[in-house]
$ cat input_33.txt   # compact mmCIF, C-alpha atoms
# COMPACT_ATOMS: atom_id res chain seq x y z
CA MET A 1 -30.01 13.21 -44.61
CA GLN A 2 -31.30 15.77 -42.13
CA TYR A 3 -34.86 17.10 -42.41
CA GLN A 4 -36.50 20.27 -41.17
CA SER A 5 -40.00 21.67 -41.05
CA PHE A 6 -40.82 24.17 -43.78
CA SER A 7 -42.63 27.13 -42.21
CA THR A 8 -46.25 26.23 -41.43
CA THR A 9 -46.76 24.02 -44.50
CA GLY A 10 -46.50 20.73 -42.63
CA TRP A 11 -43.67 19.66 -44.94
CA SER A 12 -40.53 17.96 -43.67
CA VAL A 13 -37.86 18.84 -46.25
CA SER A 14 -34.30 17.68 -46.73
CA ARG A 15 -31.74 20.23 -45.60
CA ILE A 16 -30.02 19.76 -48.93
CA GLY A 17 -32.32 20.29 -51.89
CA PHE A 18 -31.74 20.14 -55.63
CA GLY A 19 -31.25 23.49 -57.34
CA ALA A 20 -32.44 22.91 -60.89
CA TRP A 21 -31.03 25.99 -62.64
CA ALA A 22 -28.04 24.03 -63.91
CA ILE A 23 -30.18 21.39 -65.63
CA GLY A 24 -32.26 24.05 -67.35
CA ALA A 25 -29.83 26.46 -68.98
CA GLU A 26 -27.11 29.06 -68.42
CA TRP A 27 -24.56 26.58 -67.09
CA GLY A 28 -23.49 24.92 -70.32
CA HIS A 29 -25.15 21.92 -71.92
CA VAL A 30 -26.54 19.10 -69.78
CA SER A 31 -28.24 16.20 -71.53
CA GLU A 32 -31.73 15.19 -70.45
CA ASP A 33 -30.54 11.71 -69.50
CA GLU A 34 -27.76 13.10 -67.32
CA ALA A 35 -30.12 15.61 -65.72
CA MET A 36 -32.62 12.89 -64.83
CA SER A 37 -29.85 10.64 -63.52
CA GLY A 38 -28.70 13.47 -61.27
CA LEU A 39 -32.22 14.07 -59.95
CA HIS A 40 -32.77 10.40 -59.20
CA ALA A 41 -29.36 10.12 -57.52
CA ALA A 42 -30.19 13.03 -55.22
CA PHE A 43 -33.55 11.54 -54.22
CA GLU A 44 -32.03 8.14 -53.61
CA ARG A 45 -29.71 9.89 -51.15
CA GLY A 46 -32.63 11.41 -49.24
CA VAL A 47 -33.25 14.69 -51.04
CA ASN A 48 -36.95 15.46 -51.44
CA PHE A 49 -37.01 19.09 -52.59
CA ILE A 50 -36.46 20.66 -56.03
CA ASP A 51 -36.16 24.38 -56.69
CA THR A 52 -36.78 25.40 -60.29
CA ALA A 53 -38.17 28.31 -62.32
CA ASP A 54 -40.17 28.87 -65.47
CA VAL A 55 -37.23 30.55 -67.20
CA TYR A 56 -34.67 27.80 -66.58
CA GLY A 57 -34.29 26.47 -70.10
CA ASP A 58 -37.59 28.13 -71.04
CA GLY A 59 -39.48 25.52 -69.01
CA ARG A 60 -37.12 22.57 -69.52
CA SER A 61 -36.13 22.46 -65.85
CA GLU A 62 -39.76 22.44 -64.74
CA ARG A 63 -40.60 19.66 -67.18
CA LEU A 64 -37.73 17.51 -65.87
CA ALA A 65 -38.85 18.11 -62.28
CA GLY A 66 -42.41 17.12 -63.15
CA ARG A 67 -41.12 14.02 -64.87
CA LEU A 68 -39.18 13.04 -61.76
CA ARG A 69 -42.35 13.19 -59.66
CA LYS A 70 -44.10 10.85 -62.10
CA GLU A 71 -41.15 8.45 -61.98
CA ARG A 72 -41.06 8.37 -58.15
CA PRO A 73 -44.76 7.92 -57.29
CA GLY A 74 -44.13 6.61 -53.78
CA ASP A 75 -41.78 9.39 -52.69
CA ASP A 76 -42.33 12.83 -51.23
CA VAL A 77 -41.30 15.20 -54.01
CA TYR A 78 -41.71 18.87 -53.17
CA ILE A 79 -41.29 21.07 -56.25
CA VAL A 80 -41.15 24.84 -55.88
CA THR A 81 -40.89 27.12 -58.87
CA LYS A 82 -40.61 30.83 -59.60
CA ALA A 83 -42.46 33.36 -61.71
CA GLY A 84 -41.77 36.83 -63.02
CA ARG A 85 -38.56 36.71 -65.00
CA ARG A 86 -40.39 36.04 -68.25
CA LEU A 87 -41.27 39.73 -68.20
CA ASP A 88 -39.51 41.84 -70.81
CA PRO A 89 -38.87 44.45 -69.66
CA HIS A 90 -38.62 43.12 -66.12
CA VAL A 91 -40.41 45.97 -64.33
CA ALA A 92 -42.66 46.24 -61.29
CA ASP A 93 -45.78 47.02 -63.35
CA GLY A 94 -45.44 43.63 -65.02
CA TYR A 95 -46.25 41.89 -61.74
CA ASN A 96 -49.97 42.14 -62.31
CA ARG A 97 -52.82 39.65 -62.18
CA ALA A 98 -52.90 38.90 -65.91
CA ASN A 99 -49.18 38.21 -66.22
CA LEU A 100 -48.88 36.22 -63.00
CA THR A 101 -51.88 34.12 -64.00
CA ALA A 102 -50.29 33.35 -67.36
CA PHE A 103 -46.99 32.43 -65.72
CA VAL A 104 -48.59 30.14 -63.16
CA ASP A 105 -50.77 28.45 -65.77
CA ARG A 106 -47.69 27.81 -67.91
CA SER A 107 -45.84 26.31 -64.94
CA LEU A 108 -48.79 24.06 -64.16
CA THR A 109 -48.50 22.71 -67.70
CA ASN A 110 -44.72 22.32 -67.56
CA LEU A 111 -44.89 20.51 -64.22
CA ASP A 112 -47.82 18.39 -65.42
CA THR A 113 -49.72 18.99 -62.21
CA GLU A 114 -53.02 20.44 -61.04
CA VAL A 115 -51.53 22.41 -58.16
CA ILE A 116 -48.03 23.80 -57.58
CA ASP A 117 -46.50 23.19 -54.16
CA LEU A 118 -45.08 26.70 -53.86
CA VAL A 119 -44.52 29.61 -56.25
CA GLN A 120 -41.89 32.26 -55.56
CA LEU A 121 -41.72 35.72 -57.06
CA HIS A 122 -38.45 35.57 -59.01
CA CYS A 123 -36.26 38.40 -57.74
CA PRO A 124 -38.70 41.14 -58.69
CA PRO A 125 -37.79 44.84 -58.63
CA THR A 126 -37.70 46.19 -55.08
CA GLU A 127 -40.85 48.24 -55.69
CA VAL A 128 -42.93 45.05 -55.96
CA TYR A 129 -42.48 44.40 -52.24
CA TYR A 130 -44.30 47.68 -51.57
CA ARG A 131 -47.35 46.65 -53.61
CA PRO A 132 -49.78 44.63 -51.44
CA GLU A 133 -51.96 44.01 -54.48
CA VAL A 134 -49.29 41.67 -55.88
CA PHE A 135 -49.43 39.48 -52.79
CA ALA A 136 -53.22 39.61 -52.87
CA VAL A 137 -53.05 37.97 -56.31
CA LEU A 138 -50.96 35.17 -54.82
CA ASP A 139 -53.50 34.77 -52.02
CA ASP A 140 -56.17 34.36 -54.67
CA PHE A 141 -54.14 31.64 -56.39
CA VAL A 142 -54.02 29.75 -53.10
CA ALA A 143 -57.75 30.18 -52.60
CA ALA A 144 -58.39 28.96 -56.16
CA GLY A 145 -56.29 25.83 -55.61
CA LYS A 146 -53.68 26.68 -58.25
CA ILE A 147 -50.86 26.85 -55.71
CA ARG A 148 -50.55 25.55 -52.18
CA HIS A 149 -48.19 28.22 -50.88
CA TYR A 150 -46.05 31.12 -52.03
CA GLY A 151 -42.78 32.82 -51.20
CA VAL A 152 -40.18 35.11 -52.71
CA SER A 153 -36.67 34.95 -54.09
CA VAL A 154 -34.78 38.13 -53.25
CA GLU A 155 -31.53 39.82 -54.15
CA LYS A 156 -31.23 42.01 -51.06
CA VAL A 157 -31.61 41.52 -47.33
CA GLU A 158 -33.89 44.54 -47.19
CA GLU A 159 -36.25 42.93 -49.72
CA GLY A 160 -36.46 39.83 -47.54
CA LEU A 161 -37.31 41.90 -44.50
CA LYS A 162 -40.07 43.68 -46.41
CA ALA A 163 -41.45 40.47 -47.93
CA ILE A 164 -42.04 38.76 -44.60
CA GLU A 165 -44.34 41.56 -43.54
CA TYR A 166 -46.94 39.81 -45.74
CA PRO A 167 -48.50 37.00 -43.70
CA GLY A 168 -48.90 34.66 -46.68
CA VAL A 169 -45.17 34.53 -47.43
CA LYS A 170 -43.97 31.08 -46.35
CA SER A 171 -40.41 31.26 -47.61
CA VAL A 172 -37.60 33.55 -48.65
CA GLN A 173 -34.88 32.39 -50.99
CA ILE A 174 -31.68 34.40 -50.58
CA ILE A 175 -28.03 34.12 -51.52
CA PHE A 176 -26.14 32.84 -48.49
CA ASN A 177 -22.74 31.23 -48.50
CA MET A 178 -19.22 31.70 -47.11
CA PHE A 179 -18.85 34.65 -49.50
CA ARG A 180 -22.24 36.23 -48.71
CA GLN A 181 -22.69 36.32 -44.94
CA ARG A 182 -24.82 39.42 -44.36
CA PRO A 183 -28.19 37.60 -44.16
CA ALA A 184 -27.07 35.95 -40.92
CA GLU A 185 -26.56 39.39 -39.38
CA ARG A 186 -29.69 41.16 -40.52
CA PHE A 187 -32.34 38.71 -41.63
CA PHE A 188 -32.23 35.27 -40.06
CA ALA A 189 -33.52 36.18 -36.60
CA ARG A 190 -36.53 38.04 -38.00
CA ALA A 191 -37.41 35.17 -40.32
CA GLN A 192 -37.22 32.70 -37.45
CA GLU A 193 -39.52 34.88 -35.36
CA GLN A 194 -42.10 34.76 -38.18
CA ASN A 195 -41.58 31.05 -38.88
CA VAL A 196 -40.56 31.77 -42.47
CA ALA A 197 -38.50 29.13 -44.26
CA ILE A 198 -35.12 30.20 -45.65
CA LEU A 199 -33.71 28.70 -48.85
CA ALA A 200 -29.97 29.36 -49.20
CA ARG A 201 -29.25 29.74 -52.90
CA VAL A 202 -25.97 30.07 -54.79
CA PRO A 203 -24.47 28.07 -51.89
CA LEU A 204 -21.24 27.30 -53.76
CA ALA A 205 -20.82 30.79 -55.26
CA SER A 206 -21.36 29.49 -58.80
CA GLY A 207 -18.74 26.82 -58.27
CA LEU A 208 -16.01 29.00 -56.78
CA LEU A 209 -16.46 27.28 -53.43
CA THR A 210 -15.85 23.86 -54.92
CA GLY A 211 -12.17 24.77 -54.99
CA LYS A 212 -11.90 23.37 -58.52
CA MET A 213 -11.46 26.64 -60.40
CA SER A 214 -8.32 28.54 -61.33
CA ALA A 215 -7.36 31.68 -63.21
CA SER A 216 -7.31 29.63 -66.40
CA SER A 217 -10.83 28.22 -65.98
CA SER A 218 -13.05 28.84 -69.00
CA PHE A 219 -16.81 28.64 -69.42
CA ALA A 220 -19.10 27.97 -72.35
CA ALA A 221 -20.68 30.85 -74.22
CA ASP A 222 -24.11 29.94 -72.78
CA ASP A 223 -22.77 29.81 -69.19
CA HIS A 224 -23.64 32.85 -67.07
CA ARG A 225 -20.18 32.62 -65.50
CA ASN A 226 -18.96 33.77 -68.88
CA TYR A 227 -21.54 36.32 -69.97
CA ASN A 228 -22.71 37.79 -66.65
CA ARG A 229 -19.37 38.48 -64.91
CA HIS A 230 -20.27 42.16 -64.62
CA GLY A 231 -24.06 41.91 -64.46
CA GLU A 232 -24.63 42.19 -68.21
CA ALA A 233 -27.71 39.93 -68.20
CA PHE A 234 -29.02 40.00 -64.61
CA ASP A 235 -27.88 40.94 -61.11
CA VAL A 236 -24.14 40.38 -60.82
CA GLY A 237 -24.67 38.95 -57.35
CA GLU A 238 -26.01 35.77 -59.00
CA THR A 239 -22.61 35.06 -60.61
CA PHE A 240 -19.81 34.06 -58.24
CA ALA A 241 -21.99 35.63 -55.50
CA GLY A 242 -20.92 39.05 -56.80
CA VAL A 243 -17.29 38.50 -55.83
CA PRO A 244 -14.65 39.45 -58.44
CA PHE A 245 -13.28 36.19 -59.82
CA ASP A 246 -9.66 36.88 -58.86
CA VAL A 247 -10.64 37.90 -55.34
CA GLY A 248 -12.71 34.74 -54.98
CA LEU A 249 -9.81 32.57 -56.08
CA ALA A 250 -7.54 34.22 -53.51
CA ALA A 251 -10.08 33.57 -50.77
CA VAL A 252 -10.48 29.96 -51.88
CA ASP A 253 -6.73 29.47 -51.55
CA ARG A 254 -7.00 30.60 -47.94
CA LEU A 255 -10.01 28.38 -47.33
CA ARG A 256 -8.14 25.30 -48.55
CA GLU A 257 -6.04 25.51 -45.40
CA VAL A 258 -9.05 25.00 -43.10
CA VAL A 259 -10.99 22.26 -44.92
CA PRO A 260 -11.52 19.49 -42.32
CA ALA A 261 -10.14 16.05 -43.00
CA GLY A 262 -12.55 13.85 -44.92
CA MET A 263 -14.35 16.77 -46.59
CA THR A 264 -14.04 18.42 -49.95
CA MET A 265 -14.22 22.19 -50.02
CA ALA A 266 -17.71 21.98 -51.51
CA MET A 267 -18.84 19.77 -48.64
CA MET A 268 -17.38 22.20 -46.13
CA ALA A 269 -19.16 25.09 -47.86
CA LEU A 270 -22.53 23.32 -47.69
CA ARG A 271 -21.96 22.10 -44.12
CA TRP A 272 -21.09 25.67 -43.15
CA ILE A 273 -24.52 26.82 -44.35
CA LEU A 274 -26.27 24.11 -42.35
CA MET A 275 -24.56 25.34 -39.18
CA PHE A 276 -27.15 28.14 -39.17
CA ASP A 277 -30.39 26.85 -37.66
CA ALA A 278 -32.43 29.57 -39.39
CA VAL A 279 -31.60 28.04 -42.78
CA THR A 280 -34.25 25.49 -43.71
CA LEU A 281 -32.26 24.09 -46.61
CA ALA A 282 -29.52 24.84 -49.11
CA ILE A 283 -30.20 24.30 -52.80
CA PRO A 284 -26.95 23.52 -54.61
CA GLY A 285 -27.14 22.69 -58.28
CA ALA A 286 -25.90 19.50 -59.87
CA LYS A 287 -25.32 18.50 -63.48
CA ASN A 288 -24.74 14.79 -62.89
CA PRO A 289 -25.21 12.01 -60.31
CA GLU A 290 -21.76 12.42 -58.78
CA GLN A 291 -22.33 16.08 -57.96
CA ALA A 292 -25.82 15.36 -56.64
CA ILE A 293 -24.56 12.62 -54.32
CA ASP A 294 -21.68 14.73 -52.99
CA ASN A 295 -24.09 17.59 -52.29
CA ALA A 296 -26.44 15.30 -50.37
CA ARG A 297 -23.58 13.80 -48.37
CA SER A 298 -22.75 17.19 -46.89
CA ALA A 299 -25.82 16.94 -44.65
CA GLU A 300 -24.43 13.74 -43.12
CA LEU A 301 -21.15 15.31 -41.98
CA GLU A 302 -20.17 16.27 -38.45
CA PRO A 303 -20.68 19.94 -37.51
CA LEU A 304 -17.79 22.30 -38.18
CA ASP A 305 -15.81 23.23 -35.07
CA ASP A 306 -15.48 26.75 -33.69
CA GLU A 307 -11.95 27.12 -35.06
CA THR A 308 -13.12 26.44 -38.60
CA MET A 309 -16.11 28.75 -38.29
CA ASP A 310 -13.86 31.53 -36.95
CA ALA A 311 -11.38 31.03 -39.81
CA VAL A 312 -14.12 31.28 -42.44
CA ARG A 313 -15.40 34.46 -40.82
CA ALA A 314 -11.90 36.00 -40.75
CA ILE A 315 -11.29 35.26 -44.44
CA TYR A 316 -14.65 36.80 -45.31
CA GLN A 317 -13.93 39.92 -43.26
CA GLU A 318 -10.51 40.44 -44.78
CA LEU A 319 -11.00 39.58 -48.44
CA ILE A 320 -14.67 39.36 -49.37
CA LYS A 321 -16.71 41.75 -47.22
CA PRO A 322 -15.53 44.99 -48.89
CA HIS A 323 -16.86 43.75 -52.23
CA VAL A 324 -20.31 42.45 -51.24
CA HIS A 325 -21.47 43.26 -47.74
CA GLN A 326 -23.21 46.58 -48.29
CA ARG A 327 -24.45 45.79 -51.81
CA TRP A 328 -26.89 43.02 -50.97
$ encode --input "input_33.txt" --output "structure tokens"
Amino acid sequence: MQYQSFSTTGWSVSRIGFGAWAIGAEWGHVSEDEAMSGLHAAFERGVNFIDTADVYGDGRSERLAGRLRKERPGDDVYIVTKAGRRLDPHVADGYNRANLTAFVDRSLTNLDTEVIDLVQLHCPPTEVYYRPEVFAVLDDFVAAGKIRHYGVSVEKVEEGLKAIEYPGVKSVQIIFNMFRQRPAERFFARAQEQNVAILARVPLASGLLTGKMSASSSFAADDHRNYNRHGEAFDVGETFAGVPFDVGLAAVDRLREVVPAGMTMAMMALRWILMFDAVTLAIPGAKNPEQAIDNARSAELEPLDDETMDAVRAIYQELIKPHVHQRW
């Protein structure tokens, strides 16, 4: 496993983390035993970082992450969560002191801890980034000892650029993968200048970049890849990275031709992300130990060569860019 410093926190985090959305909800059923086995398998492979949220399984994901920390008392276990998506309606005015306090207190209970390592605003409306009073509330949580640090999870590059104007923001979580390359053009350099950690989420484009899907693939009713294909429940960019399913499959067929020997397509996709020094870590999800181990192994692989990187870029430019580049 490779490790990298996480902003100014003093943490040394694995470059592959554990994205815990899949063990919470919205990806089909995962048993608690299988979820815990997957978490332990990841940590035994060198992972030390879990990304979760209060809405993943209505707190289930947080509770599993907190349980893992109790079961691995001698290990570094960094758990970061998110707050804000419990709002209904999800509007900027809801990001106020009373609501954020309630959300953080609930996460403290779910995680069974006295202080949260890092809390991220959970893809709030763009207007929130123009309200300094919201970030002042987070500063107060740090001062009160409820949270150690805070960051943001964003939908758009422009939101990331605005967020890092606030000096307390330690991290920005953003969709970055072979199908969503714009952050490398417009955001990474600025984040590096400010020593802000970058978490690459949706690194496998909701499974498209595993190369295991086809036009006949089906998904459970409670799987967002079924019910959010067109953004019915939340931002469509969260599902298949916003790429139309048929277009994504066509691009995957082209990518198969450039997968290096000894790698799966998923490994290549994760290794591609780690080629960008500005990325602190990628946070792929896993439903079972096998997936968790394969994800972790991607950090142990040799760097991709220039020919492979150029091929990925060309496929993006030709097939994917028209659908996503200017939207996020």
$ residues_around --input "input_33.txt" --residues "region 10-15 of chain A" --least-positions-apart "6" --cutoff "7 Å" --atoms "only C-alpha atoms" --output "PyMOL selection string"
chain A and resi 1-4+46-49+280-282+299
$ residues_around --input "input_33.txt" --residues "region 190-205 of chain A" --least-positions-apart "5" --cutoff "8 Å" --atoms "all atoms listed in the file" --output "ChimeraX atom specification"
/A:6-8,19,161,164,169-179,210,238-241,266,269-270,273,278-284
$ write_last_selection --input "input_33.txt" --atoms "C-alpha atoms" --output "PDB file, in the coordinates of the input"
ATOM      1  CA  PHE A   6     -40.820  24.170 -43.780  1.00  0.00           C
ATOM      2  CA  SER A   7     -42.630  27.130 -42.210  1.00  0.00           C
ATOM      3  CA  THR A   8     -46.250  26.230 -41.430  1.00  0.00           C
ATOM      4  CA  GLY A  19     -31.250  23.490 -57.340  1.00  0.00           C
ATOM      5  CA  LEU A 161     -37.310  41.900 -44.500  1.00  0.00           C
ATOM      6  CA  ILE A 164     -42.040  38.760 -44.600  1.00  0.00           C
ATOM      7  CA  VAL A 169     -45.170  34.530 -47.430  1.00  0.00           C
ATOM      8  CA  LYS A 170     -43.970  31.080 -46.350  1.00  0.00           C
ATOM      9  CA  SER A 171     -40.410  31.260 -47.610  1.00  0.00           C
ATOM     10  CA  VAL A 172     -37.600  33.550 -48.650  1.00  0.00           C
ATOM     11  CA  GLN A 173     -34.880  32.390 -50.990  1.00  0.00           C
ATOM     12  CA  ILE A 174     -31.680  34.400 -50.580  1.00  0.00           C
ATOM     13  CA  ILE A 175     -28.030  34.120 -51.520  1.00  0.00           C
ATOM     14  CA  PHE A 176     -26.140  32.840 -48.490  1.00  0.00           C
ATOM     15  CA  ASN A 177     -22.740  31.230 -48.500  1.00  0.00           C
ATOM     16  CA  MET A 178     -19.220  31.700 -47.110  1.00  0.00           C
ATOM     17  CA  PHE A 179     -18.850  34.650 -49.500  1.00  0.00           C
ATOM     18  CA  THR A 210     -15.850  23.860 -54.920  1.00  0.00           C
ATOM     19  CA  GLU A 238     -26.010  35.770 -59.000  1.00  0.00           C
ATOM     20  CA  THR A 239     -22.610  35.060 -60.610  1.00  0.00           C
ATOM     21  CA  PHE A 240     -19.810  34.060 -58.240  1.00  0.00           C
ATOM     22  CA  ALA A 241     -21.990  35.630 -55.500  1.00  0.00           C
ATOM     23  CA  ALA A 266     -17.710  21.980 -51.510  1.00  0.00           C
ATOM     24  CA  ALA A 269     -19.160  25.090 -47.860  1.00  0.00           C
ATOM     25  CA  LEU A 270     -22.530  23.320 -47.690  1.00  0.00           C
ATOM     26  CA  ILE A 273     -24.520  26.820 -44.350  1.00  0.00           C
ATOM     27  CA  ALA A 278     -32.430  29.570 -39.390  1.00  0.00           C
ATOM     28  CA  VAL A 279     -31.600  28.040 -42.780  1.00  0.00           C
ATOM     29  CA  THR A 280     -34.250  25.490 -43.710  1.00  0.00           C
ATOM     30  CA  LEU A 281     -32.260  24.090 -46.610  1.00  0.00           C
ATOM     31  CA  ALA A 282     -29.520  24.840 -49.110  1.00  0.00           C
ATOM     32  CA  ILE A 283     -30.200  24.300 -52.800  1.00  0.00           C
ATOM     33  CA  PRO A 284     -26.950  23.520 -54.610  1.00  0.00           C
TER      34      PRO A 284
END
$ closest_residue --input "input_33.txt" --among "A:Ser37, A:Asn110, A:Ser31, A:Thr101" --to "Ala53 (chain A)" --atoms "all atoms listed in the file"
A:Asn110
$ closest_residue --input "input_33.txt" --among "A:Met268, A:Ala184, A:Leu118, A:Ile320" --to "Phe245 (chain A)" --atoms "only C-alpha atoms"
A:Ile320
$ closest_residue --input "input_33.txt" --among "A:His224, A:His40, A:Arg180, A:Lys82" --to "Val119 (chain A)" --atoms "all atoms listed in the file"
A:Lys82
$ residues_around --input "input_33.txt" --residues "Thr308 (chain A)" --least-positions-apart "5" --cutoff "10 Å" --atoms "all atoms listed in the file" --output "list in words"
Leu255, Glu257, Val258, Val259, Pro260, Met268, Trp272, Arg313 and Ala314 of chain A
$ closest_residue --input "input_33.txt" --among "A:Ala42, A:Tyr56, A:Ser5, A:Tyr150" --to "Asp294 (chain A)" --atoms "only C-alpha atoms"
A:Ala42
$ axis_aligned_box --input "input_33.txt" --around "region 194-212 of chain A" --padding-each-side "4 Å" --output "lines of an AutoDock Vina configuration file"
center_x = -27.0
center_y = 29.1
center_z = -48.5
size_x = 38.2
size_y = 19.4
size_z = 28.6
$ build_atoms --input "input_33.txt" --residues "region 169-185 of chain A" --atoms "N, CA and C atoms" --output "compact mmCIF listing (two decimals), in the coordinates of the input"
# COMPACT_ATOMS: atom_id res chain seq x y z
N VAL A 169 -46.50 34.94 -46.96
CA VAL A 169 -45.17 34.53 -47.43
C VAL A 169 -44.63 33.43 -46.53
N LYS A 170 -44.45 32.24 -47.11
CA LYS A 170 -43.97 31.08 -46.35
C LYS A 170 -42.46 30.91 -46.42
N SER A 171 -41.83 31.51 -47.44
CA SER A 171 -40.41 31.26 -47.61
C SER A 171 -39.73 32.44 -48.28
N VAL A 172 -38.45 32.58 -47.98
CA VAL A 172 -37.60 33.55 -48.65
C VAL A 172 -36.35 32.84 -49.13
N GLN A 173 -36.10 32.95 -50.41
CA GLN A 173 -34.88 32.39 -50.99
C GLN A 173 -33.88 33.53 -51.14
N ILE A 174 -32.67 33.32 -50.62
CA ILE A 174 -31.68 34.40 -50.58
C ILE A 174 -30.29 33.82 -50.76
N ILE A 175 -29.40 34.59 -51.37
CA ILE A 175 -28.03 34.12 -51.52
C ILE A 175 -27.34 34.15 -50.16
N PHE A 176 -26.85 32.97 -49.76
CA PHE A 176 -26.14 32.84 -48.49
C PHE A 176 -25.09 31.77 -48.65
N ASN A 177 -23.85 32.17 -48.43
CA ASN A 177 -22.74 31.23 -48.50
C ASN A 177 -21.53 31.85 -47.79
N MET A 178 -20.40 31.19 -47.82
CA MET A 178 -19.22 31.70 -47.11
C MET A 178 -18.74 33.03 -47.67
N PHE A 179 -19.20 33.37 -48.89
CA PHE A 179 -18.85 34.65 -49.50
C PHE A 179 -19.97 35.68 -49.41
N ARG A 180 -21.12 35.30 -48.85
CA ARG A 180 -22.24 36.23 -48.71
C ARG A 180 -22.87 36.00 -47.33
N GLN A 181 -22.32 36.63 -46.31
CA GLN A 181 -22.69 36.32 -44.94
C GLN A 181 -23.67 37.31 -44.29
N ARG A 182 -23.99 38.38 -44.97
CA ARG A 182 -24.82 39.42 -44.36
C ARG A 182 -26.20 38.94 -43.92
N PRO A 183 -26.87 38.02 -44.64
CA PRO A 183 -28.19 37.60 -44.16
C PRO A 183 -28.20 37.08 -42.73
N ALA A 184 -27.12 36.47 -42.28
CA ALA A 184 -27.07 35.95 -40.92
C ALA A 184 -27.08 37.08 -39.90
N GLU A 185 -26.61 38.25 -40.29
CA GLU A 185 -26.56 39.39 -39.38
C GLU A 185 -27.87 40.14 -39.32
